Amino acid sequence: MEPREKAVLLPDAPGVYLFRDAGGTVLYVGKAISLRSRVRSYFLESSWVNAKTGSLAREIADIETILVANAREALALEHNLIKQYRPKFNVLLRDDKTYPYIKFTASEKFPRVYFTRRVKKDGSLYFGPYFPASLARRILHFIHKRFLVPSCTVDLTRSHPRPCLQYYIKRCQGPCVDGLTTEERYAEAARDVRLFLEGRRHDLMKSLEQRMGAAAERELYEQAAAYRDLLRTLEDIEERQRIASSQGDDTDVLAYHAEAPLVAANLFHLRGGRAMDRREYYWEELDEFDPKEFVPSLLKQIYLEAAYLPKAIHVPVDFEDRALLEEALSERAGHKVEIFTPQRGSKRAFLDLVENNAAHSFEQRFRVLKPTSKAITEAVQAALNLPEEPQRIESFDISHIQGTDTVASMVVWENGRMKKSDYRKFIIRGEGGVQGEPGKNNDDFASMREAVTRRYSRVLTEKRAMPNLILIDGGIGQLRAAAQALESLQIINQPLASIAKREEILYIYGQEDEPCVLEHHSPVLHLIQQIRDETHRFAVTFHRLRRGNRQTKTALRDIPGVGPRTAQRLLREFGSVANIHRAGVEGLSRVITRKSAEKILAHLNSPATDGSTAGSEVSENEATDNKVPTTTS
C-alpha cells in the first residue's frame with residue numbers, strides 16, 4: 001500500500017508517527033493529536049511549498065504509527081524516538097559543550113568526587129548542573145580542602161607504596177595506602193560530602209556541631225577547631241545563597257541567528273538575577289529553517305531530561321505546543337515552569353542581547369572560523385574534563401615497519417603553538433623485542449610504555465613540571481600502556497588521553513567507557529588533530545632517517561676498502577647509493593681517489609649487487625628534511 005493511501009486509514013487519535021525510506025531508515029519522527037490529519041497533510045501539494053516538507057514527502061516509502069493515551073505521552077515518546085533514531089529531517093541538538101556536574105561515586109568502597117559533563121546510569125550520584133562551570137570546580141576544591149575526599153583516578157581496590165601529592169598537601173586522607181586512614185573515618189567524610197552536595201546543609205551543620213562538642217569533651221581541641229571552621233564556612237555559604245535567591249528567579253533565555261542552512265543559537269542561564277553561563281549550538285544542514293519547529297524541538301531536547309529546570313524560559317517566538325510543553329516540564333520539575341515570549345521591557349532587552357550574542361557566535365563559527373587561543377584552551381578543558389586550562393600538551397607516537405627500526409616521538413604544544421625546541425626522539429631499545437637489536441620491537445604497547453617511562457622518569461629526576469595533558473596517538477590499548485608506564489613511576493592524577501586514527505574518537509583515561517566524540521568542525525578536534533598529525537610526522541621522519549642510514553651504511557660497508565669515514569664523505573656529497581652509482585668514475589674521483597672510485601663502481605655493477613641496493617635506501621635530503629634537533633631522551 002502506498003504511503004498516501006496508508007495515511008487515509010490512520011486513526012483520528014493522538015500518537016507518534018515515523019516516516020521511513022525504502023531502506024527502512026527513519027527519516028522523520030513527529031507527534032500529533034490526530035494522526036490521520038497530521039500525516040495526510042504531508043501528501044498535500046499545497047504543503048510542498050515548504051522545501052523541507054516536499055523533500056521529505058518524496059522520500060517516504062513507509063509509515064509507522066504508535067498510539068498513545070494523550071498529547072503529553074506523545075510529546076515524551078516523540079522525544080525518546082528522536083534521540084534513538086536521530087532522523088535527518090528532525091532538528092537535532094548539536095553543541096560542543098554539555099552541562100557541568102559533580103559526580104559522587106557512591107557505589108565505591110572509598111567514594112570520590114569528579115567534575116563531569118556526562119551523566120550516566122553507573123550507580124554514581126550526579127549533582128548539578130552548575131553555572132558557571134568554574135563554580136563546580138570551586139566546589140570540588142572546597143570538598144578536597146575541607147572534607148579531604150579526592151578526585152583521583154588511582155585504583156583504590158589495592159594498596160599502593162606511597163600516596164600522591166594531594167595527601168601531603170592535606171587534600172586527601174590517603175585511602176590508597178594502608179594505615180593512613182580508616183574506613184570509618186573516610187566513610188564519615190563521604191557522608192558529609194553527600195549531605196553537602198544534596199543541599200542538606202542544615203543536617204550537615206547539626207551533625208558537625210554534635211561532633212565538635214564530642215571532640216571538645218574528649219579534649220581533642222584541634223579536631224574540634226577543624227569542625228568549628230567548617231561550620232563557619234558552611235554558614236557563610238548558606239547566607240550567600242539566601243541573598244542570591246532573593247534577587248530573582250532562575251531563568252533561561254534562548255535566541256538564534258539563522259542564514260539557512262547555517263544556524264547558531266545561544267542559551268543563557270540566569271541564576272539569582274545574574275547571567276551565570278552560556279551554551280552555543282550550531283547547525284550546518286538546515287536547508288529549510290522554520291522558527292516554530294526549530295524552537296520547540298530545541299527546548300524538548302534540552303529540558304525533557306534535564307536534571308534541573310528553571311522557573312521561566314524566554315524564547316523569541318511562540319509555538320503550537322507551548323502549553324503542553326509547560327505542563328510536561330512543570331510535572332518533571334516539581335514546580336511551575338513557564339515559557340514566555342517577551343515583547344517589551346527589560347526581559348525583551350535581555351532577549352535582544354542574547355540574539356546579538358547568537359549573531360556573534362554565527363560570525364565566529366561560520367565566517368571567521370578562528371577562535372582565540374583562550375577560547376580553544378577553555379573548550380579543551382571542558383571537552384576532556386581537565387582540572388585546569390591546558391598550557392602544555394605533550395604527545396607521543398610510535399613508528400616502525402614490521403617491528404624494525406622502531407622509534408617514538410614526542411612533540412610539545414605550549415601556549416597556543418608547537419614548541420619545536422622541546423621535541424624529543426626515542427630509539428626504542430626493545431626490552432620486549434629481539435634481544436640485542438635496539439629499535440626492533442613489534443609490540444606497540446611495549447614501545448609506548450618504554451617511551452613514556454623514559455620521558456617522565458627523566459622529568460622526575462630533573463624535577464620539572466608535568467604537562468597539563470599527555471596525548472597518545474592510538475586507541476585504548478596505547479592509552480592504557482601509557483597509563484601503566486606512569487603508574488610504574490608512581491605518577492597519578494595525570495590527565496591522559498588518546499585519539500584513535502580512523503574514528504577520530506578521544507579516549508580519556510579513567511573514562512574509557514564514555515569516549516568523547518566531537519563535531520567535525522569543533523576547534524578542540526582541530527587542535528588535537530594538529531598535535532597528533534605533527535607527532536606522527538615527526539615519528540615517521542625519524543624512522544625514515546634511521547632506516548635510510550642503516551640501509552645505506554650496510555650497502556657501502558659491504559664494499560672492500562670503504563671504511564666509515566669514506567662512506568660518510570660519499571653520503572654527504574651524493575646523498576644516496578643510487579647517486580653514487582650514477583656519478584661514475586669521474587664524479588667519484590672528485591671526492592676519493594680514482595682507484596677507490598673504480599673499485600666501488602665495480603662492486604656496485606657486479607651481478608650480486610646490481611639493482612639490489614641502489615633504490616632501496618632513503619636519500620639523505622629526504623631522511624633529514626626535519627630541522628628539529630635530534631636529541632634523544
# chains A, B, ... in the order shown; residues from 1 in each chain; ligands from 1
>>> residues_around(residues="segment 178-187 of chain A", least_positions_apart="2", cutoff="10 Å", atoms="only C-alpha atoms", output="compact mmCIF listing (two decimals) with all heavy atoms, in the first residue's frame")
# COMPACT_ATOMS: atom_id res chain seq x y z
N LYS A 109 33.89 1.66 47.55
CA LYS A 109 34.22 1.49 48.96
C LYS A 109 34.73 2.82 49.53
O LYS A 109 34.38 3.20 50.66
CB LYS A 109 35.31 0.42 49.12
CG LYS A 109 35.74 0.18 50.55
CD LYS A 109 36.82 -0.90 50.62
CE LYS A 109 37.28 -1.14 52.05
NZ LYS A 109 38.35 -2.18 52.10
N PHE A 110 35.54 3.53 48.77
CA PHE A 110 36.01 4.86 49.14
C PHE A 110 35.48 5.84 48.08
O PHE A 110 36.12 6.06 47.04
CB PHE A 110 37.54 4.92 49.18
CG PHE A 110 38.16 4.03 50.23
CD1 PHE A 110 38.80 2.85 49.86
CD2 PHE A 110 38.11 4.37 51.56
CE1 PHE A 110 39.38 2.03 50.82
CE2 PHE A 110 38.68 3.55 52.52
CZ PHE A 110 39.30 2.38 52.16
N PRO A 111 34.29 6.42 48.30
CA PRO A 111 33.70 7.30 47.29
C PRO A 111 34.58 8.50 46.99
O PRO A 111 35.28 9.02 47.87
CB PRO A 111 32.37 7.73 47.94
CG PRO A 111 32.07 6.67 48.94
CD PRO A 111 33.40 6.21 49.45
N PHE A 147 36.86 18.44 53.28
CA PHE A 147 36.42 17.08 53.61
C PHE A 147 37.48 16.02 53.31
O PHE A 147 37.31 14.86 53.68
CB PHE A 147 35.12 16.74 52.87
CG PHE A 147 33.97 17.65 53.21
CD1 PHE A 147 33.58 18.66 52.35
CD2 PHE A 147 33.28 17.49 54.40
CE1 PHE A 147 32.52 19.50 52.66
CE2 PHE A 147 32.22 18.32 54.72
CZ PHE A 147 31.84 19.33 53.85
N LEU A 148 38.53 16.41 52.57
CA LEU A 148 39.63 15.50 52.21
C LEU A 148 39.16 14.30 51.40
O LEU A 148 39.67 13.19 51.54
CB LEU A 148 40.37 15.03 53.47
CG LEU A 148 40.87 16.11 54.42
CD1 LEU A 148 41.68 15.49 55.55
CD2 LEU A 148 41.70 17.16 53.69
N VAL A 149 38.17 14.52 50.53
CA VAL A 149 37.70 13.48 49.60
C VAL A 149 38.23 13.84 48.21
O VAL A 149 37.96 14.94 47.72
CB VAL A 149 36.16 13.39 49.60
CG1 VAL A 149 35.67 12.45 48.51
CG2 VAL A 149 35.66 12.92 50.97
N ARG A 158 43.30 -1.77 45.65
CA ARG A 158 44.54 -2.38 46.12
C ARG A 158 45.41 -1.30 46.78
O ARG A 158 45.20 -0.11 46.57
CB ARG A 158 45.31 -3.05 44.99
CG ARG A 158 45.74 -2.11 43.88
CD ARG A 158 46.37 -2.86 42.72
NE ARG A 158 46.82 -1.98 41.65
CZ ARG A 158 47.99 -1.39 41.62
NH1 ARG A 158 48.86 -1.56 42.61
NH2 ARG A 158 48.34 -0.62 40.60
N SER A 159 46.37 -1.76 47.56
CA SER A 159 47.23 -0.82 48.29
C SER A 159 48.39 -0.37 47.41
O SER A 159 48.86 -1.12 46.55
CB SER A 159 47.77 -1.49 49.56
OG SER A 159 48.60 -0.59 50.26
N HIS A 160 48.86 0.85 47.64
CA HIS A 160 49.98 1.41 46.90
C HIS A 160 51.12 1.72 47.87
O HIS A 160 50.90 1.90 49.08
CB HIS A 160 49.55 2.69 46.17
CG HIS A 160 48.52 2.43 45.11
ND1 HIS A 160 48.82 2.27 43.78
CD2 HIS A 160 47.17 2.29 45.20
CE1 HIS A 160 47.72 2.05 43.09
NE2 HIS A 160 46.70 2.06 43.93
N PRO A 161 52.36 1.80 47.37
CA PRO A 161 53.50 2.01 48.28
C PRO A 161 53.53 3.37 48.95
O PRO A 161 53.97 3.50 50.08
CB PRO A 161 54.72 1.81 47.37
CG PRO A 161 54.21 2.03 45.98
CD PRO A 161 52.80 1.56 45.99
N ARG A 162 53.07 4.40 48.25
CA ARG A 162 53.06 5.73 48.86
C ARG A 162 51.94 6.56 48.25
O ARG A 162 51.52 6.31 47.12
CB ARG A 162 54.40 6.43 48.68
CG ARG A 162 54.77 6.77 47.25
CD ARG A 162 56.16 7.42 47.21
NE ARG A 162 56.54 7.78 45.85
CZ ARG A 162 56.25 8.96 45.28
NH1 ARG A 162 55.56 9.85 45.95
NH2 ARG A 162 56.66 9.22 44.05
N PRO A 163 51.45 7.57 48.99
CA PRO A 163 50.35 8.39 48.46
C PRO A 163 50.86 9.44 47.48
O PRO A 163 52.06 9.67 47.36
CB PRO A 163 49.77 9.04 49.72
CG PRO A 163 50.95 9.16 50.64
CD PRO A 163 51.81 7.94 50.36
N TYR A 167 47.80 14.02 49.22
CA TYR A 167 47.82 13.65 50.63
C TYR A 167 48.77 14.57 51.41
O TYR A 167 48.45 15.02 52.51
CB TYR A 167 48.27 12.19 50.79
CG TYR A 167 48.53 11.79 52.23
CD1 TYR A 167 47.47 11.49 53.09
CD2 TYR A 167 49.83 11.74 52.74
CE1 TYR A 167 47.70 11.15 54.41
CE2 TYR A 167 50.06 11.40 54.06
CZ TYR A 167 49.00 11.11 54.89
OH TYR A 167 49.23 10.77 56.20
N CYS A 172 43.56 15.07 50.83
CA CYS A 172 43.10 13.69 50.69
C CYS A 172 43.54 12.93 51.94
O CYS A 172 44.59 13.21 52.52
CB CYS A 172 43.70 13.04 49.43
SG CYS A 172 43.29 11.30 49.24
N GLN A 173 42.72 11.96 52.36
CA GLN A 173 43.05 11.17 53.55
C GLN A 173 44.03 10.04 53.24
O GLN A 173 44.54 9.41 54.16
CB GLN A 173 41.77 10.59 54.17
CG GLN A 173 40.83 11.63 54.71
CD GLN A 173 39.66 11.01 55.44
OE1 GLN A 173 39.72 9.88 55.91
NE2 GLN A 173 38.57 11.76 55.53
N GLY A 174 44.28 9.78 51.96
CA GLY A 174 45.23 8.73 51.59
C GLY A 174 44.69 7.32 51.72
O GLY A 174 45.38 6.44 52.26
N PRO A 175 43.48 7.02 51.20
CA PRO A 175 42.95 5.66 51.28
C PRO A 175 43.71 4.67 50.41
O PRO A 175 43.51 3.47 50.51
CB PRO A 175 41.50 5.81 50.80
CG PRO A 175 41.53 7.01 49.91
CD PRO A 175 42.54 7.93 50.51
N CYS A 176 44.60 5.17 49.53
CA CYS A 176 45.35 4.30 48.63
C CYS A 176 46.51 3.60 49.33
O CYS A 176 47.12 2.68 48.78
CB CYS A 176 45.87 5.10 47.44
SG CYS A 176 46.83 6.55 47.90
N ALA A 189 33.58 11.22 56.24
CA ALA A 189 33.83 12.34 55.32
C ALA A 189 32.97 12.21 54.07
O ALA A 189 32.44 13.22 53.57
CB ALA A 189 35.31 12.38 54.95
N ALA A 190 32.82 10.98 53.54
CA ALA A 190 32.00 10.78 52.35
C ALA A 190 30.54 11.12 52.62
O ALA A 190 29.85 11.71 51.77
CB ALA A 190 32.13 9.34 51.87
N ARG A 191 30.02 10.77 53.83
CA ARG A 191 28.64 11.12 54.18
C ARG A 191 28.47 12.64 54.25
O ARG A 191 27.46 13.18 53.79
CB ARG A 191 28.26 10.50 55.53
CG ARG A 191 27.92 9.02 55.47
CD ARG A 191 27.23 8.56 56.75
NE ARG A 191 28.07 8.77 57.94
CZ ARG A 191 28.94 7.88 58.40
NH1 ARG A 191 29.08 6.72 57.79
NH2 ARG A 191 29.65 8.14 59.49
N ASP A 192 29.46 13.32 54.80
CA ASP A 192 29.39 14.79 54.88
C ASP A 192 29.35 15.40 53.47
O ASP A 192 28.59 16.34 53.22
CB ASP A 192 30.61 15.33 55.64
CG ASP A 192 30.55 15.02 57.12
OD1 ASP A 192 29.46 14.61 57.59
OD2 ASP A 192 31.58 15.18 57.80
N VAL A 193 30.17 14.86 52.57
CA VAL A 193 30.19 15.38 51.19
C VAL A 193 28.83 15.18 50.53
O VAL A 193 28.31 16.08 49.86
CB VAL A 193 31.30 14.68 50.38
CG1 VAL A 193 31.17 15.00 48.89
CG2 VAL A 193 32.67 15.10 50.87
>>> closest_atom_pairs(of="segment 265-292 of chain A", to="segment 129-136 of chain A", cutoff="12 Å", atoms="only C-alpha atoms", output="JSON lines")
{"residue": "A:Phe268", "atom": "CA", "partner": "A:Phe131", "partner_atom": "CA", "distance": 10.1}
{"residue": "A:His269", "atom": "CA", "partner": "A:Phe131", "partner_atom": "CA", "distance": 7.5}
{"residue": "A:Leu270", "atom": "CA", "partner": "A:Phe131", "partner_atom": "CA", "distance": 8.8}
{"residue": "A:Arg271", "atom": "CA", "partner": "A:Phe131", "partner_atom": "CA", "distance": 8.0}
{"residue": "A:Gly272", "atom": "CA", "partner": "A:Phe131", "partner_atom": "CA", "distance": 11.1}
{"residue": "A:Arg274", "atom": "CA", "partner": "A:Phe131", "partner_atom": "CA", "distance": 10.5}
{"residue": "A:Ala275", "atom": "CA", "partner": "A:Phe131", "partner_atom": "CA", "distance": 8.9}
{"residue": "A:Met276", "atom": "CA", "partner": "A:Phe131", "partner_atom": "CA", "distance": 5.3}
{"residue": "A:Asp277", "atom": "CA", "partner": "A:Pro132", "partner_atom": "CA", "distance": 4.9}
{"residue": "A:Arg278", "atom": "CA", "partner": "A:Pro132", "partner_atom": "CA", "distance": 8.2}
{"residue": "A:Arg279", "atom": "CA", "partner": "A:Pro132", "partner_atom": "CA", "distance": 10.5}
>>> closest_residue(among="A:Phe319, A:Tyr456, A:Tyr114, A:Trp283", to="Gly510 of chain A", atoms="only C-alpha atoms")
A:Tyr114
>>> closest_atom_pairs(of="segment 314-371 of chain A", to="segment 73-82 of chain A", cutoff="10 Å", atoms="only C-alpha atoms", output="JSON lines")
{"residue": "A:Asp321", "atom": "CA", "partner": "A:Leu75", "partner_atom": "CA", "distance": 9.1}
{"residue": "A:Leu324", "atom": "CA", "partner": "A:Leu75", "partner_atom": "CA", "distance": 8.2}
{"residue": "A:Leu325", "atom": "CA", "partner": "A:Leu75", "partner_atom": "CA", "distance": 7.8}
{"residue": "A:Ala328", "atom": "CA", "partner": "A:Leu75", "partner_atom": "CA", "distance": 8.4}
>>> write_last_selection(atoms="N, CA and C atoms", output="compact mmCIF listing (two decimals), in the first residue's frame")
# COMPACT_ATOMS: atom_id res chain seq x y z
N ASP A 321 2.88 24.01 20.64
CA ASP A 321 2.87 23.10 21.78
C ASP A 321 3.35 23.74 23.08
N LEU A 324 1.45 22.63 26.29
CA LEU A 324 1.71 21.20 26.54
C LEU A 324 3.13 20.99 27.09
N LEU A 325 4.10 21.68 26.50
CA LEU A 325 5.48 21.55 26.97
C LEU A 325 5.63 22.12 28.38
N ALA A 328 4.38 19.49 30.79
CA ALA A 328 5.29 18.37 30.94
C ALA A 328 6.52 18.76 31.77
>>> select_by_dssp(residues="segment 240-462 of chain A", states="strand (DSSP E or B)", output="short mmCIF file (atom, residue, chain, number, x, y, z; two decimals) with N, CA, C and O atoms, in the first residue's frame")
data_model
loop_
_atom_site.label_atom_id
_atom_site.label_comp_id
_atom_site.auth_asym_id
_atom_site.auth_seq_id
_atom_site.Cartn_x
_atom_site.Cartn_y
_atom_site.Cartn_z
N THR A 251 16.11 31.82 35.45
CA THR A 251 15.53 31.98 34.11
C THR A 251 16.54 31.56 33.07
O THR A 251 17.74 31.82 33.21
N ASP A 252 16.06 30.91 32.00
CA ASP A 252 16.88 30.61 30.83
C ASP A 252 16.36 31.41 29.65
O ASP A 252 15.12 31.55 29.49
N VAL A 253 17.25 31.94 28.84
CA VAL A 253 16.87 32.75 27.68
C VAL A 253 17.50 32.15 26.42
O VAL A 253 18.72 32.00 26.35
N LEU A 254 16.65 31.82 25.44
CA LEU A 254 17.10 31.19 24.19
C LEU A 254 16.85 32.13 23.01
O LEU A 254 15.78 32.71 22.88
N ALA A 255 17.85 32.27 22.15
CA ALA A 255 17.70 33.05 20.92
C ALA A 255 18.60 32.45 19.85
O ALA A 255 19.49 31.65 20.15
N TYR A 256 18.40 32.85 18.59
CA TYR A 256 19.14 32.24 17.48
C TYR A 256 19.41 33.28 16.40
O TYR A 256 18.82 34.37 16.36
N HIS A 257 20.33 32.92 15.50
CA HIS A 257 20.59 33.68 14.28
C HIS A 257 20.69 32.66 13.15
O HIS A 257 21.50 31.74 13.22
N ALA A 258 19.85 32.83 12.12
CA ALA A 258 19.77 31.83 11.05
C ALA A 258 20.00 32.45 9.69
O ALA A 258 19.45 33.50 9.37
N GLU A 259 20.87 31.82 8.91
CA GLU A 259 21.04 32.09 7.48
C GLU A 259 21.12 30.72 6.83
O GLU A 259 22.20 30.19 6.60
N LEU A 262 22.72 27.49 7.60
CA LEU A 262 23.54 27.66 8.80
C LEU A 262 22.72 28.34 9.89
O LEU A 262 22.03 29.33 9.63
N VAL A 263 22.82 27.80 11.11
CA VAL A 263 22.09 28.37 12.25
C VAL A 263 23.00 28.33 13.48
O VAL A 263 23.71 27.35 13.71
N ALA A 264 22.97 29.41 14.26
CA ALA A 264 23.65 29.44 15.55
C ALA A 264 22.63 29.87 16.60
O ALA A 264 21.85 30.79 16.37
N ALA A 265 22.61 29.19 17.73
CA ALA A 265 21.70 29.52 18.83
C ALA A 265 22.50 29.70 20.10
O ALA A 265 23.54 29.06 20.30
N ASN A 266 22.02 30.57 20.97
CA ASN A 266 22.63 30.79 22.28
C ASN A 266 21.58 30.57 23.36
O ASN A 266 20.41 30.97 23.20
N LEU A 267 22.00 29.94 24.46
CA LEU A 267 21.13 29.74 25.62
C LEU A 267 21.85 30.31 26.83
O LEU A 267 22.91 29.81 27.22
N PHE A 268 21.28 31.37 27.42
CA PHE A 268 21.85 31.99 28.61
C PHE A 268 21.12 31.49 29.85
O PHE A 268 19.89 31.37 29.85
N HIS A 269 21.88 31.22 30.91
CA HIS A 269 21.31 30.79 32.18
C HIS A 269 21.43 31.93 33.18
O HIS A 269 22.56 32.34 33.52
N LEU A 270 20.30 32.45 33.66
CA LEU A 270 20.29 33.48 34.69
C LEU A 270 19.96 32.84 36.03
O LEU A 270 18.95 32.13 36.15
N ARG A 271 20.82 33.05 36.99
CA ARG A 271 20.60 32.50 38.33
C ARG A 271 20.71 33.64 39.34
O ARG A 271 21.71 34.34 39.38
N ARG A 274 21.34 37.05 37.74
CA ARG A 274 22.60 37.32 37.02
C ARG A 274 22.87 36.24 35.98
O ARG A 274 22.56 35.07 36.20
N ALA A 275 23.45 36.65 34.84
CA ALA A 275 23.82 35.68 33.80
C ALA A 275 25.03 34.89 34.29
O ALA A 275 26.10 35.46 34.52
N MET A 276 24.87 33.56 34.45
CA MET A 276 25.91 32.74 35.03
C MET A 276 26.63 31.86 34.01
O MET A 276 27.76 31.44 34.23
N ASP A 277 25.96 31.55 32.89
CA ASP A 277 26.61 30.66 31.92
C ASP A 277 25.90 30.79 30.58
O ASP A 277 24.78 31.32 30.49
N ARG A 278 26.58 30.30 29.54
CA ARG A 278 26.02 30.36 28.19
C ARG A 278 26.40 29.09 27.44
O ARG A 278 27.50 28.58 27.59
N ARG A 279 25.45 28.60 26.64
CA ARG A 279 25.73 27.47 25.75
C ARG A 279 25.51 27.92 24.31
O ARG A 279 24.65 28.74 24.03
N GLU A 280 26.29 27.31 23.42
CA GLU A 280 26.18 27.64 22.00
C GLU A 280 25.85 26.38 21.22
O GLU A 280 26.38 25.30 21.51
N TYR A 281 24.99 26.51 20.22
CA TYR A 281 24.60 25.39 19.36
C TYR A 281 24.77 25.82 17.91
O TYR A 281 24.54 26.98 17.57
N TYR A 282 25.14 24.84 17.06
CA TYR A 282 25.36 25.15 15.65
C TYR A 282 24.76 24.06 14.76
O TYR A 282 24.83 22.88 15.10
N TRP A 283 24.21 24.48 13.63
CA TRP A 283 23.71 23.55 12.62
C TRP A 283 24.23 24.01 11.26
O TRP A 283 24.31 25.21 10.98
N ALA A 312 11.43 29.90 34.60
CA ALA A 312 10.98 30.59 33.39
C ALA A 312 11.97 30.37 32.25
O ALA A 312 13.17 30.30 32.47
N ILE A 313 11.42 30.24 31.03
CA ILE A 313 12.23 30.12 29.82
C ILE A 313 11.73 31.16 28.83
O ILE A 313 10.53 31.18 28.51
N HIS A 314 12.61 32.03 28.37
CA HIS A 314 12.23 33.07 27.41
C HIS A 314 12.71 32.67 26.02
O HIS A 314 13.88 32.30 25.85
N GLU A 338 7.30 28.15 33.21
CA GLU A 338 6.58 28.94 32.21
C GLU A 338 7.50 29.30 31.05
O GLU A 338 8.68 29.59 31.25
N ILE A 339 6.94 29.28 29.84
CA ILE A 339 7.69 29.65 28.63
C ILE A 339 7.09 30.95 28.10
O ILE A 339 5.89 31.01 27.76
N PHE A 340 7.89 32.00 28.07
CA PHE A 340 7.43 33.33 27.67
C PHE A 340 8.07 33.77 26.36
O PHE A 340 9.16 33.33 26.01
N ARG A 392 50.27 23.31 28.39
CA ARG A 392 51.29 22.48 27.75
C ARG A 392 50.73 21.08 27.53
O ARG A 392 50.20 20.46 28.45
N ILE A 393 50.83 20.60 26.30
CA ILE A 393 50.41 19.25 25.93
C ILE A 393 51.61 18.53 25.32
O ILE A 393 52.26 19.08 24.41
N GLU A 394 51.90 17.33 25.81
CA GLU A 394 52.97 16.51 25.24
C GLU A 394 52.33 15.29 24.59
O GLU A 394 51.51 14.61 25.21
N SER A 395 52.72 15.02 23.34
CA SER A 395 52.07 13.98 22.54
C SER A 395 53.09 12.95 22.07
O SER A 395 54.21 13.31 21.67
N PHE A 396 52.69 11.66 22.07
CA PHE A 396 53.58 10.54 21.72
C PHE A 396 53.02 9.73 20.57
O PHE A 396 51.80 9.54 20.46
N ASP A 397 53.95 9.20 19.75
CA ASP A 397 53.58 8.26 18.68
C ASP A 397 54.73 7.28 18.47
O ASP A 397 55.89 7.58 18.78
N ILE A 398 54.40 6.10 17.93
CA ILE A 398 55.38 5.05 17.64
C ILE A 398 55.41 4.84 16.12
O ILE A 398 54.38 4.89 15.45
N SER A 399 56.62 4.61 15.58
CA SER A 399 56.75 4.36 14.14
C SER A 399 57.73 3.21 13.91
O SER A 399 58.80 3.17 14.52
N HIS A 400 57.35 2.27 13.03
CA HIS A 400 58.24 1.17 12.65
C HIS A 400 57.67 0.49 11.41
O HIS A 400 56.54 0.77 10.99
N ILE A 401 58.44 -0.40 10.82
CA ILE A 401 57.96 -1.25 9.72
C ILE A 401 58.20 -2.69 10.13
O ILE A 401 59.36 -3.12 10.24
N THR A 404 60.87 -3.32 12.79
CA THR A 404 62.27 -2.92 12.62
C THR A 404 62.40 -1.41 12.74
O THR A 404 61.48 -0.66 12.39
N ASP A 405 63.56 -0.96 13.22
CA ASP A 405 63.85 0.46 13.37
C ASP A 405 62.76 1.18 14.16
O ASP A 405 62.34 2.28 13.80
N THR A 406 62.28 0.56 15.22
CA THR A 406 61.18 1.15 16.00
C THR A 406 61.66 2.39 16.73
O THR A 406 62.66 2.37 17.43
N VAL A 407 60.91 3.47 16.55
CA VAL A 407 61.24 4.73 17.21
C VAL A 407 59.95 5.32 17.79
O VAL A 407 58.84 4.93 17.42
N ALA A 408 60.11 6.27 18.69
CA ALA A 408 58.98 7.01 19.24
C ALA A 408 59.29 8.50 19.13
O ALA A 408 60.46 8.90 19.10
N SER A 409 58.25 9.29 19.07
CA SER A 409 58.42 10.74 19.03
C SER A 409 57.57 11.39 20.10
O SER A 409 56.54 10.86 20.51
N MET A 410 58.02 12.53 20.56
CA MET A 410 57.24 13.35 21.47
C MET A 410 57.30 14.78 20.96
O MET A 410 58.38 15.34 20.76
N VAL A 411 56.13 15.38 20.73
CA VAL A 411 56.09 16.79 20.35
C VAL A 411 55.36 17.55 21.44
O VAL A 411 54.62 16.98 22.25
N VAL A 412 55.58 18.86 21.47
CA VAL A 412 55.06 19.70 22.55
C VAL A 412 54.26 20.85 21.96
O VAL A 412 54.73 21.54 21.05
N TRP A 413 53.05 21.00 22.48
CA TRP A 413 52.23 22.20 22.21
C TRP A 413 52.21 23.02 23.49
O TRP A 413 51.87 22.49 24.55
N GLU A 414 52.58 24.29 23.39
CA GLU A 414 52.65 25.11 24.60
C GLU A 414 52.17 26.52 24.28
O GLU A 414 52.62 27.15 23.32
N ARG A 417 50.97 27.21 20.57
CA ARG A 417 51.78 26.90 19.38
C ARG A 417 52.68 25.69 19.66
O ARG A 417 52.92 25.34 20.81
N MET A 418 53.17 25.09 18.58
CA MET A 418 54.09 23.97 18.72
C MET A 418 55.46 24.51 19.17
O MET A 418 55.95 25.50 18.63
N ARG A 424 61.25 15.63 21.29
CA ARG A 424 62.20 14.58 21.65
C ARG A 424 61.98 13.35 20.79
O ARG A 424 60.86 13.07 20.36
N LYS A 425 63.12 12.61 20.55
CA LYS A 425 63.08 11.36 19.79
C LYS A 425 63.56 10.23 20.70
O LYS A 425 64.43 10.44 21.53
N PHE A 426 63.00 9.04 20.50
CA PHE A 426 63.38 7.89 21.30
C PHE A 426 63.68 6.72 20.38
O PHE A 426 62.82 6.34 19.57
N ILE A 427 64.88 6.17 20.48
CA ILE A 427 65.18 4.91 19.80
C ILE A 427 64.74 3.79 20.74
O ILE A 427 65.29 3.65 21.84
#
>>> closest_residue(among="A:Leu496, A:Tyr101, A:Leu204, A:Leu604", to="Asn579 of chain A", atoms="only C-alpha atoms")
A:Leu604
>>> select_by_dssp(residues="segment 437-612 of chain A", states="alpha helix (DSSP H)", output="ChimeraX atom specification")
/A:444-461,476-488,523-557,564-574,577-589,594-605
>>> atom_distance(atom1="atom CA of Glu519 of chain A", atom2="atom CA of Asn356 of chain A")
24.0 Å
>>> residues_around(residues="Arg20 of chain A", least_positions_apart="5", cutoff="9 Å", atoms="only C-alpha atoms", output="PyMOL selection string")
chain A and resi 25-28+59-64
>>> atom_distance(atom1="atom CA of Ile505 of chain A", atom2="atom CA of Ile531 of chain A")
14.5 Å
>>> closest_atom_pairs(of="segment 145-256 of chain A", to="segment 119-127 of chain A", cutoff="12 Å", atoms="only C-alpha atoms", output="tab-separated table")
residue	atom	partner	partner_atom	distance
A:Val193	CA	A:Phe127	CA	11.4
A:Arg194	CA	A:Leu125	CA	8.9
A:Leu195	CA	A:Phe127	CA	11.3
A:Phe196	CA	A:Phe127	CA	10.4
A:Leu197	CA	A:Phe127	CA	6.6
A:Glu198	CA	A:Phe127	CA	7.4
A:Gly199	CA	A:Phe127	CA	9.7
>>> closest_residue(among="A:Val452, A:Ala7, A:Leu220, A:Leu384", to="Pro515 of chain A", atoms="only C-alpha atoms")
A:Leu384
>>> residues_around(residues="Gln484 of chain A", least_positions_apart="3", cutoff="12 Å", atoms="only C-alpha atoms", output="list in words")
Val154, Asp155, Phe445, Ala446, Met448, Arg449, Glu450, Ala451, Val452, Thr453, Gly477, Gln478, Leu479, Arg480, Ala481, Glu487, Ser488, Leu489, Gln490, Ile491, Ile492, Gln494, Leu496 and Tyr509 of chain A
>>> closest_residue(among="A:Leu329, A:Ala375, A:Tyr423, A:Phe366", to="Ile302 of chain A", atoms="only C-alpha atoms")
A:Leu329
